[in-house]
Every structure is written in structure tokens, then in C-alpha cells.
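J.: This is input-v1.pdb, which holds PDB, C-alpha atoms:
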ATOM      1  CA  MET T   1     -35.048 -53.075   9.827
ATOM      2  CA  THR T   2     -34.979 -49.294  10.313
ATOM      3  CA  ASN T   3     -33.183 -47.493  13.150
ATOM      4  CA  ALA T   4     -36.564 -46.441  14.575
ATOM      5  CA  MET T   5     -37.681 -50.075  14.800
ATOM      6  CA  ILE T   6     -34.350 -51.228  16.260
ATOM      7  CA  ILE T   7     -34.610 -48.546  18.967
ATOM      8  CA  LEU T   8     -38.310 -49.194  19.703
ATOM      9  CA  LEU T   9     -37.699 -52.919  20.229
ATOM     10  CA  ALA T  10     -34.695 -52.158  22.449
ATOM     11  CA  GLN T  11     -36.755 -49.686  24.518
ATOM     12  CA  GLN T  12     -39.403 -52.307  25.219
ATOM     13  CA  GLU T  13     -36.752 -54.852  26.243
ATOM     14  CA  LEU T  14     -34.981 -52.318  28.489
ATOM     15  CA  LEU T  15     -38.327 -51.448  30.095
ATOM     16  CA  LYS T  16     -39.005 -55.126  30.830
ATOM     17  CA  GLU T  17     -35.522 -55.425  32.371
ATOM     18  CA  GLY T  18     -36.143 -52.334  34.549
ATOM     19  CA  LYS T  19     -33.229 -50.390  33.036
ATOM     20  CA  ILE T  20     -35.462 -47.544  31.826
ATOM     21  CA  HIS T  21     -38.733 -46.097  33.112
ATOM     22  CA  PRO T  22     -42.274 -46.022  31.694
ATOM     23  CA  THR T  23     -43.700 -42.624  30.680
ATOM     24  CA  GLY T  24     -47.142 -43.374  32.112
ATOM     25  CA  ARG T  25     -48.769 -43.573  28.683
ATOM     26  CA  ILE T  26     -50.164 -46.841  27.329
ATOM     27  CA  PHE T  27     -50.031 -48.027  23.713
ATOM     28  CA  LYS T  28     -53.020 -50.017  22.474
ATOM     29  CA  THR T  29     -53.033 -52.086  19.305
ATOM     30  CA  THR T  30     -54.614 -55.179  17.837
ATOM     31  CA  ASP T  31     -52.777 -58.359  16.913
ATOM     32  CA  ALA T  32     -53.367 -60.459  13.782
ATOM     33  CA  ASP T  33     -56.097 -62.457  15.563
ATOM     34  CA  GLY T  34     -58.032 -59.315  16.531
ATOM     35  CA  ASN T  35     -57.005 -59.387  20.198
ATOM     36  CA  GLU T  36     -56.362 -56.000  21.809
ATOM     37  CA  ILE T  37     -52.856 -55.601  23.187
ATOM     38  CA  SER T  38     -51.751 -52.790  25.465
ATOM     39  CA  TYR T  39     -48.270 -52.069  26.727
ATOM     40  CA  PRO T  40     -46.526 -49.161  28.494
ATOM     41  CA  GLU T  41     -44.558 -46.567  26.567
ATOM     42  CA  ALA T  42     -40.873 -46.536  27.502
ATOM     43  CA  GLU T  43     -38.901 -43.350  28.131
ATOM     44  CA  PRO T  44     -36.859 -42.193  25.131
ATOM     45  CA  ILE T  45     -33.311 -43.368  24.519
ATOM     46  CA  HIS T  46     -30.893 -41.545  22.222
ATOM     47  CA  THR T  47     -27.192 -41.331  21.481
ATOM     48  CA  TYR T  48     -25.030 -38.761  23.260
ATOM     49  CA  ALA T  49     -24.842 -36.625  20.098
ATOM     50  CA  TYR T  50     -28.610 -36.699  19.570
ATOM     51  CA  TRP T  51     -29.341 -35.694  23.176
ATOM     52  CA  LYS T  52     -26.871 -32.821  22.743
ATOM     53  CA  SER T  53     -28.642 -31.692  19.544
ATOM     54  CA  LEU T  54     -31.904 -31.608  21.547
ATOM     55  CA  GLY T  55     -30.296 -29.318  24.148
ATOM     56  CA  TYR T  56     -29.516 -31.939  26.809
ATOM     57  CA  GLN T  57     -26.309 -33.112  28.448
ATOM     58  CA  VAL T  58     -25.715 -36.631  29.731
ATOM     59  CA  GLN T  59     -25.102 -36.321  33.473
ATOM     60  CA  LYS T  60     -21.555 -36.903  34.652
ATOM     61  CA  GLY T  61     -20.802 -40.518  35.566
ATOM     62  CA  GLN T  62     -23.753 -42.019  33.673
ATOM     63  CA  LYS T  63     -23.128 -45.175  31.666
ATOM     64  CA  ALA T  64     -25.050 -46.052  28.515
ATOM     65  CA  VAL T  65     -28.170 -48.150  29.167
ATOM     66  CA  THR T  66     -27.458 -50.148  26.020
ATOM     67  CA  GLN T  67     -25.394 -50.406  22.876
ATOM     68  CA  LEU T  68     -27.243 -51.048  19.632
ATOM     69  CA  VAL T  69     -26.117 -51.788  16.100
ATOM     70  CA  ILE T  70     -27.863 -49.175  13.952
ATOM     71  CA  TRP T  71     -27.620 -47.825  10.406
ATOM     72  CA  LYS T  72     -25.317 -44.857   9.782
ATOM     73  CA  HIS T  73     -25.514 -42.702   6.661
ATOM     74  CA  VAL T  74     -22.420 -40.861   5.442
ATOM     75  CA  ASN T  75     -22.519 -38.384   2.569
ATOM     76  CA  GLY T  76     -19.762 -38.665  -0.005
ATOM     77  CA  LYS T  77     -16.977 -36.091  -0.039
ATOM     78  CA  VAL T  78     -17.386 -33.148  -2.389
ATOM     79  CA  ASP T  79     -14.756 -32.943  -5.133
ATOM     80  CA  GLU T  80     -13.320 -29.425  -4.787
ATOM     81  CA  GLU T  81     -12.509 -29.105  -8.505
ATOM     82  CA  SER T  82     -15.781 -30.341 -10.012
ATOM     83  CA  GLY T  83     -18.055 -29.617  -7.038
ATOM     84  CA  GLU T  84     -19.637 -33.053  -7.450
ATOM     85  CA  GLU T  85     -20.577 -35.039  -4.390
ATOM     86  CA  GLY T  86     -19.119 -38.512  -4.076
ATOM     87  CA  GLU T  87     -21.115 -41.629  -3.419
ATOM     88  CA  SER T  88     -22.926 -41.732  -0.057
ATOM     89  CA  LYS T  89     -22.743 -44.866   2.055
ATOM     90  CA  MET T  90     -24.902 -46.732   4.567
ATOM     91  CA  PHE T  91     -23.374 -49.168   7.027
ATOM     92  CA  MET T  92     -24.090 -50.733  10.411
ATOM     93  CA  LYS T  93     -22.401 -49.194  13.450
ATOM     94  CA  THR T  94     -22.532 -49.846  17.190
ATOM     95  CA  ALA T  95     -23.785 -46.817  19.124
ATOM     96  CA  SER T  96     -24.244 -46.176  22.853
ATOM     97  CA  PHE T  97     -27.683 -45.031  24.040
ATOM     98  CA  PHE T  98     -28.667 -43.023  27.107
ATOM     99  CA  ALA T  99     -32.147 -42.766  28.642
ATOM    100  CA  GLU T 100     -34.079 -39.612  29.428
ATOM    101  CA  HIS T 101     -33.541 -40.041  33.188
ATOM    102  CA  GLN T 102     -29.760 -39.822  32.582
ATOM    103  CA  VAL T 103     -29.771 -36.366  30.978
ATOM    104  CA  LYS T 104     -30.460 -32.812  32.062
ATOM    105  CA  GLU T 105     -31.333 -29.761  29.996
ATOM    106  CA  ILE T 106     -28.372 -27.559  29.133
ATOM    107  CA  GLU T 107     -28.746 -24.197  30.831
ATOM    108  CA  LYS T 108     -28.973 -21.349  28.328
ATOM    109  CA  VAL T 109     -26.704 -18.393  28.972
ATOM    110  CA  SER T 110     -28.427 -15.050  28.352
TER
END
Please render this file's structure as C-alpha cells.

T.:
Amino acid sequence: MTNAMIILLAQQELLKEGKIHPTGRIFKTTDADGNEISYPEAEPIHTYAYWKSLGYQVQKGQKAVTQLVIWKHVNGKVDEESGEEGESKMFMKTASFFAEHQVKEIEKVS
């Protein structure tokens, strides 16, 4: 399973539990039997580092809404003599996730 799928499934579960909020948009799809299914879109959840890369800061005192085991990719170290990159690795790692309502945009200094 990909990280995107792991996170999407977790978002829907957190929404059902009332830990995160709906965005107001509705997803519509069809199941294998041809029945139309609609469900609310959940607010985004990301790791602390990803929110920071988007220009947001987790608000002081906020606790992660969930911890998920996701895939992490690590590039191999570059050999300084030959310049060749070592073998990259993929492994599962537990990461903490914060919801959109727990972050605020970082103020830009002019």
C-alpha cells in the first residue's frame, strides 16, 4: 500500500471518530455493484516536517491526531572518492500526523 493510500484511509477513520473536520466537499464514486457512494472529504493531515515545508507551523501545545506507519525512502550516501551514490533504501517508519486545524501559516518577514 502506498503512503497516499495509508493516509487517505486514516483521514476517513479520523473523520468518522470526530478527530478531524470535513472540508465541505463531497466525494462521489461507484462501487463494484454500480451503486453510487458519496462521502465527505476530510481535512488534510501531514507530518510536522511536511507542514513546515508548506509554510505552516504546528500551533504550540498541539498533539498529533494520529501516528501512522508509512514508507520512508532514504538515498544512499555518496562515496566522496568515486562520487557514486550508494544503494537507496525503503523501510516502514512510524510518523506523527497533524491536521490542518492544528497549524497556522508562518508569517513572512519582509

J.: For the file shown, report as a ChimeraX atom specification the outcome of the PyMOL selection byres ((chain T and resi 57) around 6) at residue level.

T.: /T:52,56,58,103-104,106

J.: Let's have the selection written as a PDB file, keeping the file's coordinate frame, with C-alpha atoms.

T.:
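This went into result.pdb:
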ATOM      1  CA  LYS T  52     -26.871 -32.821  22.743  1.00  0.00           C
ATOM      2  CA  TYR T  56     -29.516 -31.939  26.809  1.00  0.00           C
ATOM      3  CA  VAL T  58     -25.715 -36.631  29.731  1.00  0.00           C
ATOM      4  CA  VAL T 103     -29.771 -36.366  30.978  1.00  0.00           C
ATOM      5  CA  LYS T 104     -30.460 -32.812  32.062  1.00  0.00           C
ATOM      6  CA  ILE T 106     -28.372 -27.559  29.133  1.00  0.00           C
TER       7      ILE T 106
END

J.: Which neighbours of Gln11 in chain T fall inside 8 Å, counting all atoms listed in the file, when residues of the same chain fewer than 2 positions from it are skipped, and could you give them as a list in words?

T.: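 Surrounding residues, per the criterion: Ile7, Leu8, Leu9, Glu13, Leu14, Leu15, Ile20, Ala42, Glu43, Pro44 and Ile45 of chain T.
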
J.: In terms of the shortest atom-to-atom distance over only C-alpha atoms, which of T:Glu105, T:Met92, T:Phe27, T:Trp71 is closest to Ser53 in chain T?

T.: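 For Ser53 in chain T, the nearest of the candidates is T:Glu105.
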
J.: With all atoms listed in the file as the basis for distance, which of T:Lys77, T:Asp31, T:Thr66, T:Lys16 is at the shortest distance from Tyr48 in chain T?

T.: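 With all atoms listed in the file as the atom set, the closest residue is T:Thr66.
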
J.: Have a look at T:Ala64, T:Ser96, T:Val69, T:Glu87 and name the one nearest to Ala4 in chain T; count only C-alpha atoms.

T.: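 Among T:Ala64, T:Ser96, T:Val69, T:Glu87, it is T:Val69 that comes nearest to Ala4 in chain T.
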
J.: When you draw a straight line from CA of Lys89 in chain T to CA of Gln67 in chain T, how long is it in Å?

T.: 21.7 Å

J.: What would range 59-92 of chain T look like with N, CA and C atoms in place, written as a PDB file, keeping the file's coordinate frame?

T.:
ATOM      1  N   GLN T  59     -25.644 -36.655  32.162  1.00  0.00           N
ATOM      2  CA  GLN T  59     -25.102 -36.321  33.473  1.00  0.00           C
ATOM      3  C   GLN T  59     -23.781 -37.050  33.714  1.00  0.00           C
ATOM      4  N   LYS T  60     -22.883 -36.364  34.382  1.00  0.00           N
ATOM      5  CA  LYS T  60     -21.555 -36.903  34.652  1.00  0.00           C
ATOM      6  C   LYS T  60     -21.655 -38.240  35.380  1.00  0.00           C
ATOM      7  N   GLY T  61     -20.868 -39.207  34.924  1.00  0.00           N
ATOM      8  CA  GLY T  61     -20.802 -40.518  35.566  1.00  0.00           C
ATOM      9  C   GLY T  61     -21.817 -41.524  35.053  1.00  0.00           C
ATOM     10  N   GLN T  62     -22.736 -41.097  34.194  1.00  0.00           N
ATOM     11  CA  GLN T  62     -23.753 -42.019  33.673  1.00  0.00           C
ATOM     12  C   GLN T  62     -23.152 -42.943  32.616  1.00  0.00           C
ATOM     13  N   LYS T  63     -23.547 -44.175  32.655  1.00  0.00           N
ATOM     14  CA  LYS T  63     -23.128 -45.175  31.666  1.00  0.00           C
ATOM     15  C   LYS T  63     -24.297 -45.432  30.721  1.00  0.00           C
ATOM     16  N   ALA T  64     -24.005 -45.763  29.497  1.00  0.00           N
ATOM     17  CA  ALA T  64     -25.050 -46.052  28.515  1.00  0.00           C
ATOM     18  C   ALA T  64     -25.945 -47.191  29.010  1.00  0.00           C
ATOM     19  N   VAL T  65     -27.264 -47.081  28.759  1.00  0.00           N
ATOM     20  CA  VAL T  65     -28.170 -48.150  29.167  1.00  0.00           C
ATOM     21  C   VAL T  65     -28.077 -49.331  28.212  1.00  0.00           C
ATOM     22  N   THR T  66     -27.621 -49.069  26.991  1.00  0.00           N
ATOM     23  CA  THR T  66     -27.458 -50.148  26.020  1.00  0.00           C
ATOM     24  C   THR T  66     -26.573 -49.699  24.871  1.00  0.00           C
ATOM     25  N   GLN T  67     -26.079 -50.662  24.138  1.00  0.00           N
ATOM     26  CA  GLN T  67     -25.394 -50.406  22.876  1.00  0.00           C
ATOM     27  C   GLN T  67     -26.168 -51.161  21.809  1.00  0.00           C
ATOM     28  N   LEU T  68     -26.473 -50.454  20.718  1.00  0.00           N
ATOM     29  CA  LEU T  68     -27.243 -51.048  19.632  1.00  0.00           C
ATOM     30  C   LEU T  68     -26.482 -50.916  18.321  1.00  0.00           C
ATOM     31  N   VAL T  69     -26.672 -51.874  17.443  1.00  0.00           N
ATOM     32  CA  VAL T  69     -26.117 -51.788  16.100  1.00  0.00           C
ATOM     33  C   VAL T  69     -27.196 -51.152  15.233  1.00  0.00           C
ATOM     34  N   ILE T  70     -26.901 -49.934  14.750  1.00  0.00           N
ATOM     35  CA  ILE T  70     -27.863 -49.175  13.952  1.00  0.00           C
ATOM     36  C   ILE T  70     -27.238 -48.778  12.615  1.00  0.00           C
ATOM     37  N   TRP T  71     -28.081 -48.302  11.709  1.00  0.00           N
ATOM     38  CA  TRP T  71     -27.620 -47.825  10.406  1.00  0.00           C
ATOM     39  C   TRP T  71     -27.024 -46.433  10.542  1.00  0.00           C
ATOM     40  N   LYS T  72     -25.932 -46.188   9.850  1.00  0.00           N
ATOM     41  CA  LYS T  72     -25.317 -44.857   9.782  1.00  0.00           C
ATOM     42  C   LYS T  72     -25.207 -44.471   8.320  1.00  0.00           C
ATOM     43  N   HIS T  73     -25.582 -43.229   8.026  1.00  0.00           N
ATOM     44  CA  HIS T  73     -25.514 -42.702   6.661  1.00  0.00           C
ATOM     45  C   HIS T  73     -24.400 -41.665   6.605  1.00  0.00           C
ATOM     46  N   VAL T  74     -23.521 -41.799   5.625  1.00  0.00           N
ATOM     47  CA  VAL T  74     -22.420 -40.861   5.442  1.00  0.00           C
ATOM     48  C   VAL T  74     -22.488 -40.331   4.021  1.00  0.00           C
ATOM     49  N   ASN T  75     -22.539 -39.000   3.898  1.00  0.00           N
ATOM     50  CA  ASN T  75     -22.519 -38.384   2.569  1.00  0.00           C
ATOM     51  C   ASN T  75     -21.127 -38.482   1.986  1.00  0.00           C
ATOM     52  N   GLY T  76     -21.059 -38.610   0.664  1.00  0.00           N
ATOM     53  CA  GLY T  76     -19.762 -38.665  -0.005  1.00  0.00           C
ATOM     54  C   GLY T  76     -19.075 -37.320   0.051  1.00  0.00           C
ATOM     55  N   LYS T  77     -17.751 -37.334  -0.053  1.00  0.00           N
ATOM     56  CA  LYS T  77     -16.977 -36.091  -0.039  1.00  0.00           C
ATOM     57  C   LYS T  77     -17.213 -35.324  -1.340  1.00  0.00           C
ATOM     58  N   VAL T  78     -17.198 -34.008  -1.217  1.00  0.00           N
ATOM     59  CA  VAL T  78     -17.386 -33.148  -2.389  1.00  0.00           C
ATOM     60  C   VAL T  78     -16.032 -32.921  -3.045  1.00  0.00           C
ATOM     61  N   ASP T  79     -15.969 -33.185  -4.364  1.00  0.00           N
ATOM     62  CA  ASP T  79     -14.756 -32.943  -5.133  1.00  0.00           C
ATOM     63  C   ASP T  79     -14.608 -31.434  -5.284  1.00  0.00           C
ATOM     64  N   GLU T  80     -13.503 -30.877  -4.789  1.00  0.00           N
ATOM     65  CA  GLU T  80     -13.320 -29.425  -4.787  1.00  0.00           C
ATOM     66  C   GLU T  80     -13.216 -28.848  -6.195  1.00  0.00           C
ATOM     67  N   GLU T  81     -12.661 -29.607  -7.137  1.00  0.00           N
ATOM     68  CA  GLU T  81     -12.509 -29.105  -8.505  1.00  0.00           C
ATOM     69  C   GLU T  81     -13.830 -29.100  -9.260  1.00  0.00           C
ATOM     70  N   SER T  82     -14.539 -30.234  -9.232  1.00  0.00           N
ATOM     71  CA  SER T  82     -15.781 -30.341 -10.012  1.00  0.00           C
ATOM     72  C   SER T  82     -17.013 -29.937  -9.215  1.00  0.00           C
ATOM     73  N   GLY T  83     -16.909 -29.947  -7.877  1.00  0.00           N
ATOM     74  CA  GLY T  83     -18.055 -29.617  -7.038  1.00  0.00           C
ATOM     75  C   GLY T  83     -19.054 -30.753  -6.916  1.00  0.00           C
ATOM     76  N   GLU T  84     -18.729 -31.905  -7.500  1.00  0.00           N
ATOM     77  CA  GLU T  84     -19.637 -33.053  -7.450  1.00  0.00           C
ATOM     78  C   GLU T  84     -19.465 -33.804  -6.135  1.00  0.00           C
ATOM     79  N   GLU T  85     -20.599 -34.270  -5.628  1.00  0.00           N
ATOM     80  CA  GLU T  85     -20.577 -35.039  -4.390  1.00  0.00           C
ATOM     81  C   GLU T  85     -20.297 -36.496  -4.699  1.00  0.00           C
ATOM     82  N   GLY T  86     -19.429 -37.101  -3.909  1.00  0.00           N
ATOM     83  CA  GLY T  86     -19.119 -38.512  -4.076  1.00  0.00           C
ATOM     84  C   GLY T  86     -20.273 -39.383  -3.622  1.00  0.00           C
ATOM     85  N   GLU T  87     -20.072 -40.657  -3.774  1.00  0.00           N
ATOM     86  CA  GLU T  87     -21.115 -41.629  -3.419  1.00  0.00           C
ATOM     87  C   GLU T  87     -21.338 -41.669  -1.906  1.00  0.00           C
ATOM     88  N   SER T  88     -22.623 -41.611  -1.485  1.00  0.00           N
ATOM     89  CA  SER T  88     -22.926 -41.732  -0.057  1.00  0.00           C
ATOM     90  C   SER T  88     -22.974 -43.211   0.307  1.00  0.00           C
ATOM     91  N   LYS T  89     -22.809 -43.480   1.597  1.00  0.00           N
ATOM     92  CA  LYS T  89     -22.743 -44.866   2.055  1.00  0.00           C
ATOM     93  C   LYS T  89     -23.649 -45.080   3.254  1.00  0.00           C
ATOM     94  N   MET T  90     -24.140 -46.294   3.390  1.00  0.00           N
ATOM     95  CA  MET T  90     -24.902 -46.732   4.567  1.00  0.00           C
ATOM     96  C   MET T  90     -24.189 -47.965   5.103  1.00  0.00           C
ATOM     97  N   PHE T  91     -23.992 -47.995   6.415  1.00  0.00           N
ATOM     98  CA  PHE T  91     -23.374 -49.168   7.027  1.00  0.00           C
ATOM     99  C   PHE T  91     -23.878 -49.300   8.450  1.00  0.00           C
ATOM    100  N   MET T  92     -23.665 -50.466   9.045  1.00  0.00           N
ATOM    101  CA  MET T  92     -24.090 -50.733  10.411  1.00  0.00           C
ATOM    102  C   MET T  92     -22.971 -50.324  11.362  1.00  0.00           C
TER     103      MET T  92
END
